[in-house]
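Just entry-v1.cif here, mmCIF, C-alpha atoms:
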data_work
#
loop_
_atom_site.label_atom_id
_atom_site.label_comp_id
_atom_site.auth_asym_id
_atom_site.auth_seq_id
_atom_site.Cartn_x
_atom_site.Cartn_y
_atom_site.Cartn_z
CA MET A 5 0.00 0.00 0.00
CA GLN A 6 2.75 2.34 1.08
CA LEU A 7 4.65 1.34 -2.03
CA LEU A 8 1.70 2.10 -4.30
CA THR A 9 1.29 5.53 -2.76
CA LEU A 10 4.96 6.28 -3.30
CA ILE A 11 4.88 5.09 -6.91
CA ASN A 12 1.76 7.12 -7.45
CA LYS A 13 3.54 10.20 -6.14
CA GLU A 14 6.47 9.68 -8.52
CA LEU A 15 4.27 9.08 -11.53
CA ARG A 16 1.97 11.98 -10.81
CA GLN A 17 4.94 14.28 -10.41
CA GLU A 18 6.24 13.11 -13.78
CA MET A 19 2.83 13.45 -15.41
CA ARG A 20 2.71 17.07 -14.33
CA SER A 21 6.27 18.14 -15.09
CA LYS A 22 7.22 15.59 -17.79
CA GLU A 23 10.78 16.39 -16.79
CA SER A 24 12.37 12.96 -16.97
CA ILE A 25 10.82 11.47 -20.07
CA VAL A 26 11.18 14.63 -22.15
CA SER A 27 14.80 15.24 -21.22
CA MET A 28 15.70 11.57 -21.65
CA THR A 29 13.98 11.32 -25.01
CA VAL A 30 15.52 14.48 -26.41
CA PHE A 31 18.94 13.39 -25.21
CA GLY A 32 18.40 9.92 -26.68
CA VAL A 33 17.47 11.36 -30.07
CA THR A 34 20.60 13.51 -30.00
CA VAL A 35 22.85 10.56 -29.18
CA ILE A 36 21.32 8.42 -31.94
CA LEU A 37 21.80 11.24 -34.39
CA LEU A 38 25.42 11.64 -33.30
CA PHE A 39 26.02 7.93 -33.78
CA ALA A 40 24.56 8.17 -37.26
CA PHE A 41 26.96 11.03 -38.05
CA ALA A 42 29.98 9.42 -36.40
CA PHE A 43 29.57 6.03 -38.07
CA ASN A 44 28.74 6.96 -41.60
CA ALA A 45 28.88 3.32 -42.65
CA ALA A 46 27.12 0.97 -45.02
CA PRO A 47 23.81 -0.50 -43.79
CA VAL A 48 25.26 -4.01 -43.71
CA GLU A 49 28.12 -3.00 -41.42
CA PHE A 50 25.70 -1.34 -39.06
CA GLN A 51 24.11 -4.64 -38.15
CA ARG A 52 27.27 -5.61 -36.29
CA PHE A 53 27.52 -2.48 -34.18
CA LEU A 54 23.85 -1.84 -33.63
CA PRO A 55 23.36 -3.87 -30.41
CA GLY A 56 26.28 -2.04 -28.83
CA LEU A 57 25.09 1.35 -30.04
CA ILE A 58 21.58 0.73 -28.75
CA TRP A 59 22.78 -0.09 -25.25
CA MET A 60 25.37 2.69 -25.19
CA THR A 61 22.57 5.11 -26.03
CA TYR A 62 20.32 3.83 -23.27
CA LEU A 63 23.13 3.82 -20.72
CA PHE A 64 23.82 7.50 -21.44
CA VAL A 65 20.11 8.23 -21.37
CA SER A 66 19.80 6.41 -18.03
CA ILE A 67 22.61 8.45 -16.53
CA LEU A 68 20.82 11.63 -17.48
CA GLY A 69 17.55 10.33 -16.06
CA LEU A 70 19.18 9.08 -12.88
CA LEU A 71 20.84 12.42 -12.21
CA ARG A 72 17.37 13.94 -12.42
CA SER A 73 15.63 11.19 -10.47
CA PHE A 74 16.37 12.66 -7.06
CA ALA A 75 16.38 16.26 -8.24
CA SER A 76 12.95 17.07 -6.89
CA GLU A 77 13.96 15.64 -3.52
CA LYS A 78 16.99 17.88 -3.51
CA GLU A 79 15.03 21.06 -4.01
CA MET A 80 13.76 22.64 -0.79
CA ASP A 81 15.07 19.53 0.97
CA ALA A 82 11.94 17.54 0.17
CA PHE A 83 13.90 14.39 0.87
CA ALA A 84 14.03 15.24 4.56
CA ALA A 85 10.25 15.52 4.54
CA LEU A 86 9.92 12.20 2.78
CA LEU A 87 12.24 10.54 5.28
CA SER A 88 10.47 11.99 8.28
CA SER A 89 7.18 10.50 7.12
CA PRO A 90 6.54 6.98 8.45
CA VAL A 91 7.54 5.09 5.30
CA ASP A 92 9.88 2.19 5.01
CA ARG A 93 13.19 3.19 3.40
CA GLY A 94 13.17 0.05 1.30
CA ASN A 95 9.83 1.11 -0.15
CA ILE A 96 11.22 4.48 -1.14
CA PHE A 97 13.91 2.60 -3.03
CA LEU A 98 11.41 0.30 -4.74
CA ALA A 99 9.15 3.21 -5.70
CA LYS A 100 12.07 5.08 -7.24
CA LEU A 101 13.17 1.91 -9.00
CA ILE A 102 9.78 1.13 -10.48
CA SER A 103 9.08 4.70 -11.55
CA PHE A 104 12.49 5.06 -13.16
CA TRP A 105 11.96 1.72 -14.85
CA ILE A 106 8.71 3.03 -16.34
CA PHE A 107 10.45 6.23 -17.50
CA ILE A 108 13.23 4.41 -19.27
CA ILE A 109 10.80 2.03 -20.96
CA GLY A 110 8.77 5.05 -22.08
CA THR A 111 11.89 6.68 -23.46
CA GLN A 112 12.79 3.52 -25.34
CA LEU A 113 9.33 3.29 -26.87
CA LEU A 114 9.74 6.83 -28.15
CA THR A 115 13.30 6.50 -29.43
CA MET A 116 13.60 2.93 -30.72
CA PRO A 117 11.89 3.78 -34.06
CA LEU A 118 14.79 6.15 -34.74
CA PHE A 119 17.22 3.27 -34.77
CA SER A 120 15.21 1.84 -37.57
CA ALA A 121 14.97 5.16 -39.38
CA PHE A 122 18.57 6.39 -39.00
CA LEU A 123 20.66 3.33 -38.25
CA ASN A 124 19.09 0.62 -40.39
CA LEU A 125 17.60 -1.52 -37.67
CA ARG A 126 15.69 -4.18 -39.59
CA LEU A 127 12.10 -4.69 -38.56
CA GLY A 128 11.81 -8.38 -39.29
CA ILE A 129 13.07 -9.41 -35.87
CA ASN A 130 11.38 -11.07 -32.95
CA ILE A 131 9.87 -7.97 -31.33
CA SER A 132 8.27 -9.71 -28.35
CA LEU A 133 11.56 -11.33 -27.37
CA LEU A 134 13.35 -8.02 -27.77
CA THR A 135 10.76 -6.32 -25.59
CA GLY A 136 11.26 -8.93 -22.87
CA VAL A 137 15.00 -8.38 -22.90
CA PHE A 138 14.58 -4.62 -22.73
CA ILE A 139 12.20 -4.82 -19.81
CA LEU A 140 14.54 -7.10 -17.86
CA THR A 141 17.68 -5.10 -18.62
CA ASP A 142 15.97 -1.82 -17.77
CA TRP A 143 15.05 -3.23 -14.37
CA SER A 144 18.72 -4.07 -13.69
CA ILE A 145 19.86 -0.63 -14.79
CA ALA A 146 17.20 0.98 -12.61
CA ALA A 147 18.00 -1.17 -9.55
CA ILE A 148 21.68 -0.30 -9.43
CA GLY A 149 21.13 3.18 -10.84
CA VAL A 150 18.75 4.28 -8.11
CA MET A 151 21.21 3.09 -5.44
CA VAL A 152 24.07 5.00 -6.98
CA SER A 153 22.10 8.16 -7.68
CA GLY A 154 20.78 7.99 -4.12
CA MET A 155 24.39 8.30 -3.02
CA GLY A 156 25.09 11.02 -5.55
CA LEU A 157 22.13 13.05 -4.28
CA ARG A 158 23.96 14.65 -1.40
CA THR A 159 27.54 14.50 -2.52
CA ARG A 160 29.45 17.42 -3.88
CA MET A 161 30.43 15.65 -7.10
CA GLY A 162 27.30 13.62 -7.70
CA GLU A 163 27.25 14.25 -11.45
CA VAL A 164 30.71 12.73 -11.75
CA LEU A 165 30.32 9.99 -9.19
CA VAL A 166 27.14 8.51 -10.64
CA PRO A 167 28.61 7.53 -14.03
CA VAL A 168 31.98 6.57 -12.54
CA LEU A 169 30.30 4.13 -10.19
CA LEU A 170 27.48 3.00 -12.43
CA PHE A 171 29.38 1.90 -15.55
CA PRO A 172 31.69 -0.67 -13.94
CA LEU A 173 28.89 -2.01 -11.75
CA LEU A 174 26.69 -2.42 -14.81
CA SER A 175 29.31 -4.05 -17.03
CA PRO A 176 27.87 -7.60 -16.82
CA VAL A 177 24.42 -6.30 -17.72
CA LEU A 178 25.77 -4.37 -20.67
CA ILE A 179 27.65 -7.42 -21.94
CA GLY A 180 24.59 -9.62 -21.53
CA ALA A 181 22.17 -7.18 -23.12
CA THR A 182 24.33 -6.61 -26.20
CA LYS A 183 24.88 -10.35 -26.62
CA ILE A 184 21.17 -11.07 -26.44
CA THR A 185 20.26 -8.19 -28.72
CA ALA A 186 22.84 -9.33 -31.26
CA GLY A 187 21.40 -12.84 -31.02
CA ILE A 188 17.88 -11.59 -31.67
CA PHE A 189 19.10 -9.61 -34.69
CA ARG A 190 20.61 -12.81 -36.05
CA GLY A 191 17.27 -14.52 -35.60
CA GLU A 192 18.29 -16.83 -32.75
CA THR A 193 15.79 -18.14 -30.22
CA LEU A 194 15.68 -17.78 -26.46
CA ALA A 195 17.44 -21.10 -25.94
CA ASP A 196 20.58 -19.74 -27.65
CA PHE A 197 21.20 -17.07 -25.07
CA ASN A 198 19.65 -18.55 -21.97
CA PHE A 199 22.90 -18.00 -20.13
CA TRP A 200 22.84 -14.24 -20.65
CA VAL A 201 19.24 -13.98 -19.54
CA MET A 202 20.27 -15.78 -16.35
CA ILE A 203 23.14 -13.32 -15.78
CA ILE A 204 20.89 -10.29 -16.12
CA LEU A 205 18.17 -11.91 -14.05
CA THR A 206 20.63 -12.76 -11.27
CA PHE A 207 21.90 -9.22 -11.35
CA ALA A 208 18.39 -7.79 -11.17
CA VAL A 209 17.37 -10.02 -8.25
CA ILE A 210 20.55 -9.50 -6.22
CA PHE A 211 20.71 -5.74 -6.62
CA THR A 212 17.03 -5.24 -5.97
CA LEU A 213 17.54 -7.12 -2.70
CA VAL A 214 20.79 -5.36 -1.75
CA GLY A 215 19.22 -2.02 -2.61
CA TYR A 216 16.12 -2.76 -0.57
CA LEU A 217 18.24 -3.71 2.43
CA THR A 218 20.86 -0.97 2.29
CA PHE A 219 18.86 2.00 1.07
CA GLY A 220 18.20 2.90 4.70
CA SER A 221 21.91 3.48 5.24
CA ILE A 222 22.15 5.59 2.13
CA SER A 223 19.18 7.82 2.78
CA GLU A 224 20.06 8.62 6.41
CA GLU A 225 21.06 12.17 7.15
CA MET B 9 50.70 8.16 19.63
CA LYS B 10 54.06 6.79 18.67
CA SER B 11 55.18 6.04 15.14
CA TYR B 12 54.37 2.68 13.61
CA LEU B 13 57.83 1.13 13.86
CA SER B 14 58.41 2.29 17.41
CA TYR B 15 56.21 -0.61 18.53
CA GLU B 16 58.31 -3.69 19.23
CA LYS B 17 55.76 -6.05 17.64
CA ASN B 18 55.56 -4.10 14.38
CA LYS B 19 59.32 -3.86 14.12
CA LEU B 20 59.72 -7.62 14.51
CA LEU B 21 57.01 -8.28 11.96
CA ALA B 22 58.55 -5.87 9.45
CA ILE B 23 62.06 -7.34 9.83
CA GLY B 24 60.72 -10.89 9.62
CA THR B 25 58.78 -10.03 6.47
CA LEU B 26 61.84 -8.42 4.89
CA ILE B 27 63.91 -11.56 5.47
CA ILE B 28 61.21 -13.83 4.09
CA VAL B 29 60.72 -11.60 1.04
CA LEU B 30 64.45 -11.70 0.30
CA VAL B 31 64.51 -15.49 0.64
CA ASN B 32 61.47 -15.61 -1.62
CA LEU B 33 63.23 -13.53 -4.28
CA TYR B 34 66.27 -15.81 -4.08
CA LEU B 35 64.07 -18.88 -4.48
CA ILE B 36 62.22 -17.45 -7.46
CA ILE B 37 65.31 -16.28 -9.32
CA PHE B 38 67.87 -18.98 -8.54
CA VAL B 39 66.05 -22.09 -7.34
CA ALA B 40 62.76 -22.33 -9.24
CA PRO B 41 63.01 -24.69 -12.20
CA MET B 42 62.40 -23.49 -15.72
CA VAL B 43 59.08 -24.44 -17.24
CA PRO B 44 59.37 -25.65 -20.83
CA GLU B 45 58.15 -23.20 -23.47
CA GLN B 46 57.70 -20.38 -20.96
CA GLU B 47 61.23 -20.02 -19.63
CA TRP B 48 61.74 -16.82 -17.66
CA ALA B 49 58.31 -15.42 -18.35
CA GLN B 50 56.79 -18.10 -16.15
CA ARG B 51 58.55 -16.73 -13.06
CA ILE B 52 56.29 -13.71 -12.89
CA PHE B 53 53.65 -16.23 -11.94
CA TYR B 54 55.22 -16.48 -8.44
CA TYR B 55 54.52 -12.79 -8.18
CA HIS B 56 51.29 -12.39 -10.12
CA VAL B 57 49.17 -15.14 -8.59
CA PRO B 58 49.97 -14.40 -4.92
CA LEU B 59 49.19 -10.76 -5.66
CA ALA B 60 45.83 -11.76 -7.05
CA TRP B 61 44.96 -14.01 -4.12
CA ASN B 62 45.94 -11.37 -1.60
CA SER B 63 44.13 -8.63 -3.44
CA PHE B 64 40.92 -10.62 -3.26
CA LEU B 65 41.64 -11.35 0.39
CA GLY B 66 41.80 -7.59 0.90
CA TYR B 67 38.53 -7.05 -0.94
CA LEU B 68 36.87 -9.83 1.04
CA GLY B 69 37.98 -7.90 4.11
CA VAL B 70 36.32 -4.77 2.73
CA LEU B 71 33.05 -6.68 2.42
CA VAL B 72 33.23 -8.08 5.97
CA PHE B 73 34.19 -4.80 7.63
CA SER B 74 31.73 -2.78 5.55
CA ILE B 75 28.88 -4.96 6.79
CA LEU B 76 30.21 -4.73 10.35
CA TYR B 77 30.41 -0.96 10.04
CA LEU B 78 26.87 -0.64 8.70
CA VAL B 79 25.52 -2.82 11.49
CA LYS B 80 27.56 -1.54 14.44
CA ARG B 81 28.33 2.00 13.25
CA ASP B 82 31.67 1.90 15.03
CA PRO B 83 34.30 4.00 13.15
CA LYS B 84 36.84 1.34 14.11
CA TRP B 85 35.40 -0.96 11.45
CA ASP B 86 35.42 1.80 8.87
CA VAL B 87 39.17 2.25 9.36
CA TRP B 88 39.56 -1.50 8.87
CA ALA B 89 37.52 -1.46 5.66
CA LEU B 90 39.46 1.51 4.28
CA SER B 91 42.83 -0.10 5.06
CA MET B 92 41.77 -3.31 3.37
CA ALA B 93 40.45 -1.40 0.35
CA GLU B 94 43.63 0.61 -0.13
CA THR B 95 46.02 -2.33 0.15
CA GLY B 96 43.73 -4.50 -1.99
CA THR B 97 43.74 -1.84 -4.68
CA VAL B 98 47.53 -1.48 -4.64
CA PHE B 99 47.71 -5.23 -5.18
CA ALA B 100 45.05 -5.11 -7.90
CA PHE B 101 47.04 -2.43 -9.69
CA LEU B 102 50.12 -4.66 -9.60
CA ILE B 103 48.09 -7.54 -11.03
CA LEU B 104 47.15 -5.31 -13.94
CA ILE B 105 50.83 -4.49 -14.48
CA THR B 106 52.24 -8.01 -14.13
CA GLY B 107 49.51 -9.68 -16.19
CA PRO B 108 50.43 -7.92 -19.45
CA ILE B 109 54.18 -8.36 -18.75
CA TRP B 110 53.61 -12.11 -18.72
CA ALA B 111 51.12 -12.08 -21.60
CA LYS B 112 53.35 -10.17 -24.02
CA PRO B 113 55.88 -12.99 -24.67
CA ILE B 114 53.43 -15.86 -24.11
CA TRP B 115 50.31 -14.70 -25.93
CA GLY B 116 52.04 -12.20 -28.19
CA SER B 117 49.97 -9.23 -27.05
CA PRO B 118 50.00 -7.43 -23.72
CA TRP B 119 46.26 -7.31 -23.24
CA THR B 120 43.74 -9.99 -24.01
CA TRP B 121 40.27 -10.01 -22.57
CA GLU B 122 41.09 -12.86 -20.28
CA PRO B 123 38.24 -13.17 -17.76
CA ARG B 124 40.27 -12.80 -14.59
CA LEU B 125 42.29 -9.89 -15.91
CA THR B 126 39.17 -8.13 -17.17
CA THR B 127 37.35 -8.72 -13.89
CA THR B 128 40.31 -7.29 -12.01
CA LEU B 129 40.28 -4.21 -14.24
CA ILE B 130 36.58 -3.61 -13.60
CA LEU B 131 37.07 -4.21 -9.89
CA PHE B 132 39.97 -1.76 -9.89
CA LEU B 133 37.78 0.88 -11.56
CA LEU B 134 35.04 0.25 -8.99
CA TYR B 135 37.47 0.85 -6.17
CA ILE B 136 38.65 4.07 -7.78
CA GLY B 137 35.00 5.07 -7.44
CA TYR B 138 35.09 3.86 -3.84
CA PHE B 139 37.95 6.21 -3.00
CA MET B 140 36.28 9.03 -4.91
CA ILE B 141 33.14 8.68 -2.85
CA ARG B 142 35.22 8.73 0.32
CA GLU B 143 36.88 11.88 -0.85
CA PHE B 144 33.84 13.72 -2.19
CA GLY B 145 31.01 12.08 -0.28
CA GLY B 146 30.65 14.92 2.20
CA PRO B 147 31.05 14.72 5.99
CA TYR B 148 33.08 11.79 7.30
CA GLU B 149 30.16 9.86 8.75
CA ARG B 150 28.17 10.02 5.51
CA SER B 151 30.97 9.32 3.07
CA SER B 152 32.10 6.29 5.05
CA ARG B 153 28.53 4.99 5.09
CA TYR B 154 28.28 5.36 1.31
CA ALA B 155 31.66 3.72 0.90
CA ALA B 156 30.52 0.79 3.04
CA VAL B 157 27.45 0.27 0.83
CA LEU B 158 29.66 0.46 -2.24
CA GLY B 159 32.12 -2.02 -0.73
CA ILE B 160 29.27 -4.51 -0.45
CA LEU B 161 27.91 -3.74 -3.94
CA ALA B 162 31.34 -4.14 -5.53
CA PHE B 163 32.03 -7.49 -3.94
CA VAL B 164 28.60 -8.88 -4.77
CA ASP B 165 29.10 -7.75 -8.37
CA VAL B 166 32.42 -9.54 -8.84
CA PRO B 167 31.16 -13.10 -9.43
CA ILE B 168 28.56 -11.81 -11.92
CA ILE B 169 31.20 -9.78 -13.76
CA TYR B 170 33.48 -12.80 -13.81
CA PHE B 171 30.85 -15.10 -15.32
CA ALA B 172 29.78 -12.48 -17.82
CA VAL B 173 33.31 -11.72 -18.99
CA ASN B 174 34.16 -15.41 -19.08
CA PHE B 175 31.44 -16.10 -21.63
CA TRP B 176 31.72 -12.76 -23.37
CA ALA B 177 34.86 -13.71 -25.29
CA PRO B 178 35.08 -17.51 -25.11
CA SER B 179 37.83 -17.62 -27.71
CA VAL B 180 40.28 -15.96 -25.32
CA GLN B 181 42.38 -18.64 -23.69
CA SER B 182 42.34 -18.80 -19.94
CA HIS B 183 45.36 -18.83 -17.66
CA PRO B 184 47.28 -22.04 -18.28
CA GLN B 185 48.45 -22.20 -14.68
CA ARG B 186 46.60 -25.28 -13.52
CA GLY B 187 48.90 -27.79 -15.16
CA ILE B 188 52.16 -26.08 -14.33
CA GLY B 189 52.56 -27.65 -10.88
CA GLY B 190 52.73 -31.02 -12.57
CA HIS B 191 56.13 -30.32 -14.12
CA ASP B 192 58.11 -30.33 -10.92
CA PRO B 193 56.90 -30.53 -7.30
CA SER B 194 59.34 -27.81 -6.23
CA ILE B 195 57.29 -25.30 -8.22
CA LYS B 196 54.43 -25.88 -5.83
CA TYR B 197 56.57 -25.38 -2.71
CA ILE B 198 58.12 -22.19 -4.01
CA PHE B 199 54.70 -20.94 -5.06
CA PHE B 200 53.23 -21.47 -1.61
CA PHE B 201 56.27 -19.87 0.01
CA SER B 202 55.75 -16.89 -2.28
CA LEU B 203 52.06 -16.79 -1.41
CA PHE B 204 53.02 -16.77 2.27
CA SER B 205 55.50 -13.94 1.84
CA PHE B 206 53.02 -11.83 -0.11
CA THR B 207 50.39 -12.40 2.55
CA LEU B 208 52.92 -11.16 5.10
CA ILE B 209 53.46 -8.03 2.99
CA LEU B 210 49.69 -7.54 2.90
CA VAL B 211 49.47 -7.92 6.68
CA ASN B 212 52.24 -5.39 7.18
CA MET B 213 50.63 -2.89 4.84
CA ILE B 214 47.23 -3.27 6.43
CA ARG B 215 48.66 -2.85 9.92
CA TYR B 216 50.56 0.23 8.84
CA ARG B 217 47.46 1.71 7.21
CA LEU B 218 45.38 0.91 10.28
CA HIS B 219 47.90 2.74 12.43
CA ALA B 220 47.68 5.78 10.15
CA GLY B 221 43.89 5.51 10.08
CA ARG B 222 43.66 5.48 13.86
CA LEU B 223 45.85 8.56 14.08
CA GLU B 224 43.56 10.27 11.60
CA GLN B 225 40.53 9.25 13.64
CA LYS B 226 42.11 10.72 16.77
CA ARG B 227 42.67 13.98 14.95
CA LEU B 228 39.03 14.04 13.81
CA GLU B 229 37.80 13.44 17.34
CA ALA B 230 40.08 16.04 18.88
#

Could you take the file, read its structure, and then write that structure out as structure tokens?
Amino acid sequence: MQLLTLINKELRQEMRSKESIVSMTVFGVTVILLFAFAFNAAPVEFQRFLPGLIWMTYLFVSILGLLRSFASEKEMDAFAALLSSPVDRGNIFLAKLISFWIFIIGTQLLTMPLFSAFLNLRLGINISLLTGVFILTDWSIAAIGVMVSGMGLRTRMGEVLVPVLLFPLLSPVLIGATKITAGIFRGETLADFNFWVMIILTFAVIFTLVGYLTFGSISEE
Amino acid sequence: MKSYLSYEKNKLLAIGTLIIVLVNLYLIIFVAPMVPEQEWAQRIFYYHVPLAWNSFLGYLGVLVFSILYLVKRDPKWDVWALSMAETGTVFAFLILITGPIWAKPIWGSPWTWEPRLTTTLILFLLYIGYFMIREFGGPYERSSRYAAVLGILAFVDVPIIYFAVNFWAPSVQSHPQRGIGGHDPSIKYIFFFSLFSFTLILVNMIRYRLHAGRLEQKRLEA
């Protein structure tokens, strides 16, 4: 119940300001455009790099979103108010995680067509499988991202610390996601990259748990 | 507080370690048998592998003391975690140096995406972040709390990174160290002696860092 209220608060805030999704989408479009300019290559060659480019784009987009994710708490010290209300710290973490997860999925829905338009992403692929992979990977990114940006919230160099900490922590997820995406582009089935799904799933489960348990220590004054 | 070496115990430990390290060097250079095909390059293995084991020992310590610190909130455990992290990272850095030195003549290129080497590199980067958060995390109490959480996150991440990297580039050959002990039993003895001497170096460094950390703590309290 508490959790639902918190998620509701996050979503309503976003509905009114549209801060996160708009900034993430615009930034995503810019990055995709830059990739198209930087790799002015033949359509066939693009197929090899595309999985990597897709996930690089969404990692950058996530960083931008994560730096904003606690911004409203920072202003007027709203975080102190949130913490002084009788809510479980773990639930604050889960609410942030789920709302950020929804934002990044929303951003991907808006920007993925551009990969097809600018970077020759073929449409004849297994879309439902791809969607599943995106949803799972986004959860992992959100789980670790919310932890790290929670730390960055009150540090002097938060904007630097968040990417410096997030990229190495996320490396197994990035490897797994690009491998699976490449597999889907080649027309492979789920059985061919079972292992990578397990890696990302393990990551998601472990860091959701660790985040839930340790968020109290992070959010303390 | 007196200086580190003015304590009788520390002095004995340091002198003992120095002697053992010198003996170890003698054993590695003059006694250890040559391994066919690898010749001198193989000898860095007496240096590289103990470094790796001890570095992970240090990082395991970070995990344990970070959890202790988060539960008990006693700054004592934070000093322990920091000492372990710093020495572990020095060792990790040396792994990253010695790995390519060995790989250049044996594999023909200084860097391959060998799973253990890659995992160490990522771990090293994570701990750079760990020290950054200690430096820029704000007041002491808060930054050490953040660092403790990160110490746990980093250690939990390591096995996942290792498995991911291992299957990321399956064509990269793994360390061929398992079979080497079979050539000559003396290799094993010298290796374990080397491991022992490097562990002693680690202990010395951690004790020294703890001493410095406690002095720092005193200054903060004063």

**Message:** Selection in question (the file shown): the PyMOL selection byres ((chain B) within 8 of (chain A)). Which residues does it include, as a PyMOL selection string?
**Reply:** chain B and resi 78+130-131+133-134+137-138+140-141+144-146+150+153-154+157+161-162+165+168-169+171-173+176

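Picture a line from CA of Leu218 in chain B to CA of Thr95 in chain B; it runs 10.7 Å.
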
**Item:** All residues 9 Å or closer to Tyr216 in chain B, all atoms listed in the file, same chain fewer than 3 positions away omitted, as a PyMOL selection string
**Value:** chain B and resi 12-13+18+91+211-213+219-221

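Here CA of Pro117 in chain A and CA of Phe39 in chain A stand 14.7 Å from one another.
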
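As for CA of Ala177 in chain B and CA of Pro118 in chain B, they are spaced 16.5 Å apart.
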
**Request:** Identify, on the basis of only C-alpha atoms, every residue whose closest approach to Tyr67 in chain B does not exceed 8 Å; exclude the query and any residue fewer than 4 positions from it along the same chain; express the result as a ChimeraX atom specification.
**Result:** /B:63,71,92-93,96,163

**Request:** Would you list the residues near (4.9, 1.2, 4.3) (no more than 6 Å away, in the coordinates of the file, using all atoms listed in the file) as a list of chain:residue names?
**Result:** A:Gln6, A:Val91, A:Asp92

**Request:** Measuring atom to atom with all atoms listed in the file, identify which of B:Ile52, B:Ala22, B:Ala89, B:Ile195 is nearest to Val70 in chain B.
**Result:**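 Looking only at the distances to Val70 in chain B, the closest residue turns out to be B:Ala89.
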
**Prompt:** Nearest to Ile96 in chain A among A:Thr9, A:Ile109, A:Trp59, A:Thr193, with distances taken over only C-alpha atoms: which residue is it?
**Reply:**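 The closest residue to Ile96 in chain A is A:Thr9.
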
**Request:** Name the residues in contact with range 13-26 of chain A at a cut-off of 6 Å, using only C-alpha atoms, excluding same-chain residues fewer than 2 positions from it; report them as a PyMOL selection string.
**Result:** chain A and resi 10-11+28-29+69+107+111

Since the input has fewer atoms than a full residue there, write range 11-26 of chain A out with N, CA and C atoms, as a compact mmCIF listing (two decimals), in the coordinates of the input.
# COMPACT_ATOMS: atom_id res chain seq x y z
N ILE A 11 4.78 5.15 -5.45
CA ILE A 11 4.88 5.09 -6.91
C ILE A 11 3.93 6.11 -7.53
N ASN A 12 2.76 6.18 -6.97
CA ASN A 12 1.76 7.12 -7.45
C ASN A 12 2.29 8.54 -7.41
N LYS A 13 2.97 8.86 -6.30
CA LYS A 13 3.54 10.20 -6.14
C LYS A 13 4.56 10.47 -7.24
N GLU A 14 5.44 9.50 -7.49
CA GLU A 14 6.47 9.68 -8.52
C GLU A 14 5.84 9.88 -9.89
N LEU A 15 4.86 9.03 -10.19
CA LEU A 15 4.27 9.08 -11.53
C LEU A 15 3.47 10.36 -11.72
N ARG A 16 2.77 10.77 -10.67
CA ARG A 16 1.97 11.98 -10.81
C ARG A 16 2.87 13.20 -11.01
N GLN A 17 3.97 13.19 -10.26
CA GLN A 17 4.94 14.28 -10.41
C GLN A 17 5.45 14.35 -11.85
N GLU A 18 5.72 13.15 -12.41
CA GLU A 18 6.24 13.11 -13.78
C GLU A 18 5.17 13.53 -14.77
N MET A 19 3.94 13.08 -14.53
CA MET A 19 2.83 13.45 -15.41
C MET A 19 2.68 14.96 -15.51
N ARG A 20 2.92 15.63 -14.35
CA ARG A 20 2.71 17.07 -14.33
C ARG A 20 3.90 17.82 -14.94
N SER A 21 5.10 17.37 -14.62
CA SER A 21 6.27 18.14 -15.09
C SER A 21 6.83 17.58 -16.40
N LYS A 22 6.67 16.29 -16.62
CA LYS A 22 7.22 15.59 -17.79
C LYS A 22 8.73 15.79 -17.92
N GLU A 23 9.36 16.10 -16.80
CA GLU A 23 10.78 16.39 -16.79
C GLU A 23 11.62 15.22 -17.31
N SER A 24 11.46 14.06 -16.68
CA SER A 24 12.37 12.96 -16.97
C SER A 24 12.22 12.46 -18.39
N ILE A 25 10.99 12.10 -18.77
CA ILE A 25 10.82 11.47 -20.07
C ILE A 25 11.22 12.42 -21.19
N VAL A 26 10.84 13.69 -21.08
CA VAL A 26 11.18 14.63 -22.15
C VAL A 26 12.68 14.79 -22.27
